[in-house]
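Below is one structure, written out as structure tokens, with a few remarks after it.
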Number of protein chains: 2
Amino acid sequence: MDTVREASGNPPGAAFLLAAIGAHATARFAERIAALELSPPQTGLMRVVVATPGRSQQELSELLGTPPSRLVGLVDGLAAKGLLERRRNETDRRLYALHPTAAGIAMIEKIGLVGREHDDAVCAALDDGERAVLRGLLVRIAAEQGLTPGVHPSYRRI
Amino acid sequence: MDTVREASGNPPGAAFLLAAIGAHATARFAERIAALELSPPQTGLMRVVVATPGRSQQELSELLGTPPSRLVGLVDGLAAKGLLERRRNETDRRLYALHPTAAGIAMIEKIGLVGREHDDAVCAALDDGERAVLRGLLVRIAAEQGLTPGVHPSYRRI
DNA sequence: TATTGTTATACTCTATAACTATA
DNA sequence: TATAGTTATAGAGTATAACAATA
């Protein structure tokens, strides 16, 4: 079948390829972690809570760049699964501190495993050296574009 | 401020970087193209119609991998702007053939310009040689992952 | 009876703003 | 009066399935 690119004679630029492959990678990752009964935003939040435990929802809201109201549902879901818990701050009882449970820490291990499998599948076309080159270029783009390392920008409002 | 990556000691893999930068690129492109009063899905459809004019909505639905019902709204919007038109097939009056108007072809030129500006902005961290290397790696990933060249996978249902 | 395009409906995800409880 | 967290509401975007017109 002839394709759009061939018909238009307009080879896509790097930015279009990044958008297309990024959306593809996002969809494939969502499929994989659905096996752990987690959504991608829940997964990102779990990572942050494990990386920096004890933060309030306000602090996480600030770090992720997402409205506090969005965090409520994510935390509710993860707490209902027993992966993290809200601990009242005794000196200021308006605040919660979020901490991973033992099950949450175990889950992070599984998430890491799924992530590595996913990474390997997405980069199947490249050998190890090429993957390193790609990562190097992507890290530089991410830094120049002002992306927070380790935080997916879909948390951010425009 | 310390970041999640630093705190977790878990450098993101290439797939996460692709997802994050891809989402960022998508959002930035949507901002740019909004100046032309188009949405990203409308833009993708315009590209396809200009590249291969005269197709029916069924054929485009098949090519893009999207339900026919979704195409209706996109075509409606583009037709209302006078960028493309539905022409009845006289031998089988169930079918429409989609054709760009003169205004639509002029719009494609603007879209191309916006796309090149966007590409340049996203890749600002890289010099020309590095951009070529990046494109080469991305094209190979896209091909191996089964992505249709020139078609954004967000049209595709899971 | 099958197919093209359309409409009706519902679902997911998210943001905004109003609300409560604490300070 | 201000702040942390929650709830209520609404909007965008999409898919599924029912539908009308044509074959």
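In the structure tokens, the first chain shown is A, the next is B, and so on; residue numbers restart at 1 for each chain, and ligands run from 1 in the order shown.
Residues in contact with stretch 20-23 of chain C at 12 Å, where only C-alpha atoms (C1' of nucleotides) are counted and same-chain residues fewer than 4 positions away are skipped, are listed as Asn89, Glu90, Thr91, Asp92, Arg93, Arg94 and Leu95 of chain A; DT1, DA2, DT3, DA4, DG5, DT6 and DT7 of chain D.
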Neighbour list for A:Ser56 as a PyMOL selection string, cut-off 9 Å, only C-alpha atoms (C1' of nucleotides), skip fewer than 3 positions in-chain:
(chain A and resi 59-61+86+95-98) or (chain D and resi 4)
Could you take the residues named above and write them with all heavy atoms, as a short mmCIF file (atom, residue, chain, number, x, y, z; two decimals), in the first residue's frame?
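And here is the file that came out, result-v2.cif:
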```cif
data_model
loop_
_atom_site.label_atom_id
_atom_site.label_comp_id
_atom_site.auth_asym_id
_atom_site.auth_seq_id
_atom_site.Cartn_x
_atom_site.Cartn_y
_atom_site.Cartn_z
N GLU A 59 2.81 19.55 47.86
CA GLU A 59 4.17 19.53 47.33
C GLU A 59 4.24 18.70 46.06
O GLU A 59 4.90 19.09 45.09
CB GLU A 59 5.13 18.96 48.39
CG GLU A 59 5.40 19.91 49.53
CD GLU A 59 6.22 19.25 50.64
OE1 GLU A 59 5.94 18.07 50.98
OE2 GLU A 59 7.13 19.90 51.16
N LEU A 60 3.56 17.56 46.07
CA LEU A 60 3.56 16.72 44.88
C LEU A 60 2.86 17.40 43.72
O LEU A 60 3.28 17.31 42.57
CB LEU A 60 2.91 15.38 45.18
CG LEU A 60 3.71 14.51 46.15
CD1 LEU A 60 2.90 13.29 46.56
CD2 LEU A 60 5.03 14.09 45.53
N SER A 61 1.77 18.07 44.06
CA SER A 61 1.04 18.83 43.04
C SER A 61 1.96 19.85 42.38
O SER A 61 1.98 20.01 41.15
CB SER A 61 -0.14 19.53 43.71
OG SER A 61 -0.68 20.52 42.88
N ARG A 86 -1.69 7.64 53.54
CA ARG A 86 -1.67 9.02 54.00
C ARG A 86 -1.43 9.01 55.50
O ARG A 86 -2.16 8.36 56.25
CB ARG A 86 -3.01 9.70 53.72
CG ARG A 86 -3.37 9.93 52.26
CD ARG A 86 -4.78 10.49 52.20
NE ARG A 86 -5.13 11.07 50.90
CZ ARG A 86 -5.96 10.51 50.03
NH1 ARG A 86 -6.51 9.35 50.30
NH2 ARG A 86 -6.24 11.11 48.88
N LEU A 95 -2.36 18.70 56.81
CA LEU A 95 -1.46 18.03 55.85
C LEU A 95 -1.45 16.53 56.02
O LEU A 95 -1.55 16.01 57.13
CB LEU A 95 -0.02 18.53 56.04
CG LEU A 95 0.35 19.92 55.53
CD1 LEU A 95 -0.13 20.99 56.49
CD2 LEU A 95 1.85 20.01 55.32
N TYR A 96 -1.30 15.88 54.89
CA TYR A 96 -0.97 14.46 54.87
C TYR A 96 0.47 14.31 54.38
O TYR A 96 0.93 15.07 53.55
CB TYR A 96 -1.87 13.69 53.89
CG TYR A 96 -3.27 13.44 54.37
CD1 TYR A 96 -4.34 14.02 53.72
CD2 TYR A 96 -3.52 12.62 55.46
CE1 TYR A 96 -5.65 13.78 54.14
CE2 TYR A 96 -4.82 12.38 55.88
CZ TYR A 96 -5.87 12.97 55.22
OH TYR A 96 -7.15 12.73 55.65
N ALA A 97 1.15 13.31 54.89
CA ALA A 97 2.44 12.91 54.31
C ALA A 97 2.22 11.57 53.62
O ALA A 97 1.64 10.65 54.20
CB ALA A 97 3.50 12.78 55.39
N LEU A 98 2.64 11.49 52.36
CA LEU A 98 2.43 10.25 51.60
C LEU A 98 3.65 9.35 51.70
O LEU A 98 4.78 9.79 51.46
CB LEU A 98 2.15 10.59 50.13
CG LEU A 98 0.90 11.42 49.87
CD1 LEU A 98 0.66 11.60 48.38
CD2 LEU A 98 -0.33 10.81 50.54
P DA D 4 -0.98 24.87 51.72
OP1 DA D 4 0.42 24.51 51.96
OP2 DA D 4 -1.43 25.34 50.40
"O5'" DA D 4 -1.89 23.63 52.16
"C5'" DA D 4 -1.59 22.94 53.36
"C4'" DA D 4 -2.42 21.68 53.46
"O4'" DA D 4 -3.81 22.07 53.62
"C3'" DA D 4 -2.37 20.79 52.23
"O3'" DA D 4 -2.25 19.43 52.64
"C2'" DA D 4 -3.67 21.05 51.50
"C1'" DA D 4 -4.61 21.55 52.59
N9 DA D 4 -5.48 22.64 52.14
C8 DA D 4 -5.11 23.72 51.40
N7 DA D 4 -6.11 24.55 51.14
C5 DA D 4 -7.20 23.95 51.75
C6 DA D 4 -8.55 24.33 51.83
N6 DA D 4 -9.05 25.44 51.28
N1 DA D 4 -9.39 23.52 52.51
C2 DA D 4 -8.88 22.41 53.07
N3 DA D 4 -7.63 21.95 53.06
C4 DA D 4 -6.84 22.78 52.37
#
```
Compute the set of chain C residues within 9 Å of chain B, using only C-alpha atoms (C1' of nucleotides), and express it as a ChimeraX atom specification.
/C:3-7
Calculate how many Å separate atom C1' of C:DT9 from atom C1' of D:DT14, rounding to one decimal.
12.1 Å
With only C-alpha atoms considered, list every residue of chain B at most 7 Å from chain A, as an MDAnalysis selection string.
chainID B and resid 3:5 7:8 12:15 17:26 48 51:52 119 122:123 125 134:135 138 140:142 144 149:150 152:154
Could you please select, counting only C-alpha atoms (C1' of nucleotides), the residues of chain D within 9 Å of chain B and state them as a list in words?
DT14, DA15, DA21, DT22 and DA23 of chain D
Would you please give, as JSON, numbers by chain, all residues of chain A that DSSP assigns to alpha helix (DSSP H) based on the backbone?
{"A": [4, 5, 6, 7, 8, 14, 15, 16, 17, 18, 19, 20, 21, 22, 23, 24, 25, 26, 27, 28, 29, 30, 31, 32, 33, 34, 40, 41, 42, 43, 44, 45, 46, 47, 48, 49, 50, 51, 57, 58, 59, 60, 61, 62, 63, 64, 68, 69, 70, 71, 72, 73, 74, 75, 76, 77, 78, 79, 80, 102, 103, 104, 105, 106, 107, 108, 109, 110, 111, 112, 113, 114, 115, 116, 117, 118, 119, 120, 121, 122, 128, 129, 130, 131, 132, 133, 134, 135, 136, 137, 138, 139, 140, 141, 142, 143, 144]}
Atomic distance atom CA of A:Leu84 - atom C1' of C:DT14, expressed in Å with one decimal:
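Straight-line distance from atom CA of A:Leu84 to atom C1' of C:DT14 works out to 23.0 Å.
DSSP annotation of chain B from backbone atoms: strand (DSSP E) residues are Leu84, Glu85, Arg86, Arg87, Arg88, Tyr96, Ala97, Leu98, His99 and Pro100 of chain B.
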Point-to-point distance from atom CA of A:Gly77 to atom C1' of C:DA10, Å rounded to tenths
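Calculated distance between atom CA of A:Gly77 and atom C1' of C:DA10 is 22.9 Å.
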